Protein chains: 6
Amino acid sequence: MEFAHINEHLDEQMMMIQANIDDMNPEQCSYVMDLLFEKGANDVCWIPIIMKKGRPGLQLQVLTDQSLLPALETIIFRETTTLGLRYIPATVHRLARDFVKVDTVWGEMTVKTGYHKGDLVQYAPEFKECEQVAKLHNIPLKQVYDEVRHQFVTLHK
Amino acid sequence: MEFAHINEHLDEQMMMIQANIDDMNPEQCSYVMDLLFEKGANDVCWIPIIMKKGRPGLQLQVLTDQSLLPALETIIFRETTTLGLRYIPATVHRLARDFVKVDTVWGEMTVKTGYHKGDLVQYAPEFKECEQVAKLHNIPLKQVYDEVRHQFVTLHK
Amino acid sequence: MEFAHINEHLDEQMMMIQANIDDMNPEQCSYVMDLLFEKGANDVCWIPIIMKKGRPGLQLQVLTDQSLLPALETIIFRETTTLGLRYIPATVHRLARDFVKVDTVWGEMTVKTGYHKGDLVQYAPEFKECEQVAKLHNIPLKQVYDEVRHQFVTLHK
Amino acid sequence: MEFAHINEHLDEQMMMIQANIDDMNPEQCSYVMDLLFEKGANDVCWIPIIMKKGRPGLQLQVLTDQSLLPALETIIFRETTTLGLRYIPATVHRLARDFVKVDTVWGEMTVKTGYHKGDLVQYAPEFKECEQVAKLHNIPLKQVYDEVRHQFVTLHK
Amino acid sequence: MEFAHINEHLDEQMMMIQANIDDMNPEQCSYVMDLLFEKGANDVCWIPIIMKKGRPGLQLQVLTDQSLLPALETIIFRETTTLGLRYIPATVHRLARDFVKVDTVWGEMTVKTGYHKGDLVQYAPEFKECEQVAKLHNIPLKQVYDEVRHQFVTLHK
Amino acid sequence: MEFAHINEHLDEQMMMIQANIDDMNPEQCSYVMDLLFEKGANDVCWIPIIMKKGRPGLQLQVLTDQSLLPALETIIFRETTTLGLRYIPATVHRLARDFVKVDTVWGEMTVKTGYHKGDLVQYAPEFKECEQVAKLHNIPLKQVYDEVRHQFVTLHK
């Protein structure tokens, strides 16, 4: 699910799949989302919407490489209650990305970085690592997150 | 469901009922809402929320006189999937309200008015009448709605 | 508005229309939605959004065959307050669909079915029939809905 | 986190805590929610809202026994960015609840039941068990969920 | 930012940019929106969504002429925390638009009008002018807004 | 609107006002919000909801000291379209708060701090100052915001 170092680039063979669903147990939404990510979807989200007759529904949005379209469609048809879905070709612009190791009082931690035209524009601590440290040391998660960013700025920027 | 003329007043024996629901077919939401209004609820709404494990859920909010609490609770337990609900005492401040008849090119139509400390603060065309006129004459609904307001302002304000 | 039996297929001449609206009386939203469905829109929804200057607005989304684009646009311009709309070509993937009759204690009821690559993936009781039975017999709607599904599984699966 | 058999009852010493937050990394929301549930909160949800200057924010709602108020407040202050929170006394009405075992083709599974004035009004398969079966047997989750309900209705109702 | 008189037309070289963001301080959303409008974006909105692991996120949508794509992308990468974005070609249908001056008790005020196939379909008071009058004269904003519409209908329709 | 140094405390004479509104031009929502803050409301937000007949509406929530209730109610009745509102007594728990000056490359900047039981739990750069610096120096806002936090942590924590 993670990426190695990549350069900034465009993916022009992407698809945005959408389905509007108003008759599905919403308890199952995160399960469907997980399956879609496992199969290789690039991005998945649910959006609260208002459907026919004023029913509160959810729009499923899945961003994927075109090659995965059939596999992801099958998941959507099997796991949701929709009778149809639509898709739209899309181009994805991805930043150059890398991982940087940062020394902290809790040991080495990882920061995901993003570069646009060679400039560092994003640096985000690996969320799972921060959660683990926060739980282990009983420290507020936001404090761990901030400290990793602080160290990254101090050491690498 | 409609009110006759009333004076501005406080209802101090009101209750706000809430239930967070993440495992109910949302197709059934408007049906539940209709039942609650029929039984005498003053206000009902559904709010999109995010529940345990990130599940998209809905919060049901029902405003009611305390005397109706048992009857409305029974509807909620029978018609939704919730295992519990909570309620909070509330005071309701209602404007003085009246209905005014207005002559329009489509005949006499009704405007609901609201007064705060004797000042006219609200005037809203009866929505159903506007819909009927819009359909009958094939006119945009917003045009009918605006025209009724326009006539009210011209004649009564 | 209902479909007869159809096979699983793609509709490649579809359009997704969108308009972001922040100055319209939301009371009129369901009326507009109904008009769009009557004219032949395949799907319509409203999405809560945040617009310019932090205003709470609504995004109208309409999925339609390209041939209906002019007629639906005229409805949107006449019935909403938007000064513009955008549209995007889309492909719609529809399941094979059929209706199955199911015997229940309340008489014969209908189940809408969906098939993906020949496999039954959806079976949904006709919502209006369930509502009618629930009202007539004073039974919770969810119970009627579940019972029709239960009978379908018992008899047809 | 689970309950044994209990009777229908009111909890009159409950509190609803709320905080509106517009300057917190939303990635951390589920972590905070988990901590609050672990400490004993009865219900937690996040609601998308629009705050000062049109900023998209989130309202945190926590339902809790009054005795836990100080502990949960400390979590909220440590883990979110809020400078204040409010709370409102609430009464919670809980259904009688029980667990029923149901035989299925995948082995014994659990259904959580709810009773209002002695009538069965809720029966919901244990979600985690359904997920495990769906994953293990590569069956759509909704099918497992439906089958457990189907067996419950066949055998116990 | 304002338009002079234009005829109803299609802009076929438009792009819809989208990014789903779950790790950004939402306090900064309106700032980003303002920058995008200043650079020439036609429409910008934020939509509450539910992202990976059930996190409450926001989808940024930007409608723009294709020629501005690189400049707007740079703003998005610099000012938000996203590592990627996607874009989809779109056609925009714009009404003929004009400004009409209307005499009111507060002086001359402006109404923005929209025409579809030659028919007046929209007339909206300039919002900023209404705000200024409301503040200056301590009158409810809705009353100013209604009065300008009322005068427009009386004089120009 | 700003506070000087205060100690952590409870305000027990607060009120939460709510109104559900489905027939108001949402363009006016931020204006109403600003008026309520100017009059002394402690917190104001708008929440997207689904109202009677499935209409997309907005719930206004205003937190205020009880002494301001009449003044804020008058604003709500004058500026929105509601015919009623409800209110609920609430207790507000406020952190001890202070302002700290921090030296940065852009000059002295302010950080708002919050203390719970004597522990520093919040430190947030003054948003307006960050915006001004970001605009003046053409630097991403998030970078300014992060740098002020970074300096605060380096110097004061």
# chains A, B, ... in the order shown; residues from 1 in each chain; ligands from 1
>>> calpha_fit_and_write(fixed="chain F", moving="chain E", output="compact mmCIF listing (two decimals) with C-alpha atoms, in the first residue's frame")
# COMPACT_ATOMS: atom_id res chain seq x y z
CA MET E 1 -13.77 39.62 21.15
CA GLU E 2 -10.51 38.51 22.70
CA PHE E 3 -9.93 37.44 26.27
CA ALA E 4 -7.26 38.52 28.69
CA HIS E 5 -5.65 35.95 30.97
CA ILE E 6 -8.28 33.87 32.70
CA ASN E 7 -8.20 30.85 34.97
CA GLU E 8 -9.75 27.50 34.19
CA HIS E 9 -13.37 27.68 35.29
CA LEU E 10 -16.98 26.67 34.72
CA ASP E 11 -19.69 28.98 33.40
CA GLU E 12 -22.91 27.50 34.64
CA GLN E 13 -25.36 30.09 33.35
CA MET E 14 -25.01 29.32 29.66
CA MET E 15 -27.66 28.56 27.07
CA MET E 16 -27.56 26.60 23.83
CA ILE E 17 -30.01 28.05 21.30
CA GLN E 18 -31.04 25.98 18.28
CA ALA E 19 -33.21 26.62 15.24
CA ASN E 20 -33.81 24.36 12.23
CA ILE E 21 -34.27 26.40 9.06
CA ASP E 22 -35.20 25.18 5.58
CA ASP E 23 -36.51 28.27 3.80
CA MET E 24 -33.73 30.82 4.12
CA ASN E 25 -31.28 32.02 1.48
CA PRO E 26 -28.04 30.38 2.74
CA GLU E 27 -26.02 33.28 1.31
CA GLN E 28 -27.11 35.17 4.44
CA CYS E 29 -25.80 32.62 6.95
CA SER E 30 -22.40 34.14 7.54
CA TYR E 31 -23.93 37.59 8.02
CA VAL E 32 -26.21 36.26 10.77
CA MET E 33 -23.27 34.48 12.36
CA ASP E 34 -21.23 37.67 12.41
CA LEU E 35 -24.06 39.63 14.03
CA LEU E 36 -24.44 37.01 16.74
CA PHE E 37 -20.72 37.06 17.51
CA GLU E 38 -20.75 40.87 17.59
CA LYS E 39 -23.58 40.83 20.13
CA GLY E 40 -21.56 38.54 22.37
CA ALA E 41 -22.41 34.95 21.44
CA ASN E 42 -19.69 32.57 22.63
CA ASP E 43 -19.98 30.15 19.77
CA VAL E 44 -22.09 29.93 16.64
CA CYS E 45 -22.25 27.21 14.01
CA TRP E 46 -24.41 25.99 11.14
CA ILE E 47 -25.00 22.25 10.67
CA PRO E 48 -26.33 20.67 7.44
CA ILE E 49 -29.45 18.66 8.26
CA ILE E 50 -32.36 16.95 6.51
CA MET E 51 -35.75 18.32 7.44
CA LYS E 52 -39.43 17.67 6.79
CA LYS E 53 -40.14 16.18 3.34
CA GLY E 54 -36.44 15.51 2.90
CA ARG E 55 -35.51 19.12 2.48
CA PRO E 56 -31.87 20.06 2.98
CA GLY E 57 -31.84 22.54 5.85
CA LEU E 58 -29.46 24.05 8.34
CA GLN E 59 -29.44 23.93 12.11
CA LEU E 60 -28.24 27.11 13.76
CA GLN E 61 -26.53 26.56 17.11
CA VAL E 62 -25.65 29.49 19.35
CA LEU E 63 -23.92 29.18 22.71
CA THR E 64 -24.43 32.18 24.94
CA ASP E 65 -24.57 33.53 28.46
CA GLN E 66 -28.18 33.49 29.64
CA SER E 67 -28.14 37.26 30.05
CA LEU E 68 -27.79 37.68 26.30
CA LEU E 69 -30.61 35.32 25.41
CA PRO E 70 -33.22 38.01 24.59
CA ALA E 71 -30.83 40.06 22.43
CA LEU E 72 -29.62 37.06 20.46
CA GLU E 73 -33.14 35.72 20.00
CA THR E 74 -34.17 39.03 18.49
CA ILE E 75 -31.31 38.81 15.99
CA ILE E 76 -32.30 35.27 15.06
CA PHE E 77 -35.95 36.19 14.55
CA ARG E 78 -35.13 39.31 12.56
CA GLU E 79 -32.38 37.88 10.38
CA THR E 80 -33.47 34.30 9.73
CA THR E 81 -36.82 32.90 8.59
CA THR E 82 -37.54 30.77 11.63
CA LEU E 83 -40.88 30.87 13.42
CA GLY E 84 -39.46 29.38 16.61
CA LEU E 85 -36.31 28.38 18.40
CA ARG E 86 -35.44 26.27 21.41
CA TYR E 87 -32.88 26.61 24.14
CA ILE E 88 -31.25 24.29 26.59
CA PRO E 89 -29.24 25.21 29.72
CA ALA E 90 -25.57 24.25 29.46
CA THR E 91 -22.41 24.43 31.53
CA VAL E 92 -19.24 25.58 29.82
CA HIS E 93 -15.82 24.43 30.96
CA ARG E 94 -13.12 26.87 29.84
CA LEU E 95 -9.40 26.28 30.05
CA ALA E 96 -7.03 28.77 31.63
CA ARG E 97 -5.84 30.84 28.72
CA ASP E 98 -3.03 33.21 28.00
CA PHE E 99 -1.17 34.87 25.14
CA VAL E 100 2.55 34.36 24.61
CA LYS E 101 4.75 36.42 22.32
CA VAL E 102 7.16 34.50 20.12
CA ASP E 103 10.06 35.86 18.08
CA THR E 104 10.05 34.75 14.47
CA VAL E 105 11.86 35.75 11.30
CA TRP E 106 8.79 37.86 10.53
CA GLY E 107 8.87 39.65 13.88
CA GLU E 108 7.03 39.03 17.13
CA MET E 109 3.96 36.87 16.78
CA THR E 110 1.29 35.69 19.22
CA VAL E 111 0.41 32.23 20.44
CA LYS E 112 -2.80 31.54 22.32
CA THR E 113 -2.23 28.96 25.06
CA GLY E 114 -4.60 26.76 27.07
CA TYR E 115 -3.96 25.06 30.41
CA HIS E 116 -5.89 22.19 31.94
CA LYS E 117 -5.16 21.60 35.64
CA GLY E 118 -1.97 23.58 35.19
CA ASP E 119 -0.67 21.60 32.21
CA LEU E 120 -0.16 23.29 28.86
CA VAL E 121 -2.52 21.45 26.52
CA GLN E 122 -3.09 23.95 23.69
CA TYR E 123 -0.89 26.39 21.82
CA ALA E 124 -2.27 27.95 18.67
CA PRO E 125 -0.77 30.78 16.64
CA GLU E 126 -3.08 33.76 16.21
CA PHE E 127 -4.67 32.98 12.90
CA LYS E 128 -5.06 36.53 11.60
CA GLU E 129 -1.40 37.34 12.21
CA CYS E 130 -0.37 34.23 10.31
CA GLU E 131 -2.60 35.19 7.40
CA GLN E 132 -1.10 38.67 7.28
CA VAL E 133 2.46 37.36 7.28
CA ALA E 134 1.64 34.75 4.65
CA LYS E 135 0.13 37.37 2.36
CA LEU E 136 2.84 39.96 2.97
CA HIS E 137 5.74 37.59 2.35
CA ASN E 138 4.01 35.32 -0.16
CA ILE E 139 4.70 32.23 1.92
CA PRO E 140 2.30 29.30 2.31
CA LEU E 141 0.04 29.94 5.28
CA LYS E 142 0.67 26.49 6.68
CA GLN E 143 4.41 27.22 6.70
CA VAL E 144 3.93 30.39 8.72
CA TYR E 145 1.59 28.60 11.09
CA ASP E 146 4.04 25.72 11.55
CA GLU E 147 6.99 28.06 12.05
CA VAL E 148 5.23 29.97 14.83
CA ARG E 149 4.41 26.71 16.56
CA HIS E 150 7.98 25.55 16.03
CA GLN E 151 9.35 28.71 17.64
CA PHE E 152 6.92 28.43 20.52
CA VAL E 153 8.04 24.87 21.20
CA THR E 154 11.71 25.81 20.89
CA LEU E 155 11.52 28.78 23.18
CA HIS E 156 8.70 28.30 25.64
CA LYS E 157 8.00 24.67 26.21
>>> select_by_dssp(residues="chain C", states="strand (DSSP E or B)", output="PyMOL selection string")
chain C and resi 6+9-21+43-51+55-65+84-94+96-104+107-116+119-125
>>> select_by_dssp(residues="stretch 14-126 of chain F", states="helix (DSSP H, G or I)", output="PyMOL selection string")
chain F and resi 26-38+52-54+66-79
>>> decode(residues="stretch 11-27 of chain E", atoms="C-alpha atoms", output="JSON list (two decimals), in the first residue's frame")
[["chain", "number", "residue", "atom", "x", "y", "z"],
["E", 11, "ASP", "CA", -16.89, 27.10, -22.21],
["E", 12, "GLU", "CA", -15.53, 23.80, -23.39],
["E", 13, "GLN", "CA", -11.96, 24.08, -22.14],
["E", 14, "MET", "CA", -12.70, 23.85, -18.43],
["E", 15, "MET", "CA", -11.24, 21.56, -15.80],
["E", 16, "MET", "CA", -12.60, 20.26, -12.52],
["E", 17, "ILE", "CA", -9.80, 19.73, -10.00],
["E", 18, "GLN", "CA", -10.41, 17.59, -6.92],
["E", 19, "ALA", "CA", -8.36, 16.67, -3.88],
["E", 20, "ASN", "CA", -9.41, 14.67, -0.81],
["E", 21, "ILE", "CA", -7.66, 15.93, 2.31],
["E", 22, "ASP", "CA", -7.76, 14.50, 5.84],
["E", 23, "ASP", "CA", -4.69, 15.92, 7.55],
["E", 24, "MET", "CA", -5.02, 19.68, 7.14],
["E", 25, "ASN", "CA", -5.99, 22.28, 9.73],
["E", 26, "PRO", "CA", -9.49, 23.23, 8.48],
["E", 27, "GLU", "CA", -9.01, 26.77, 9.81]]
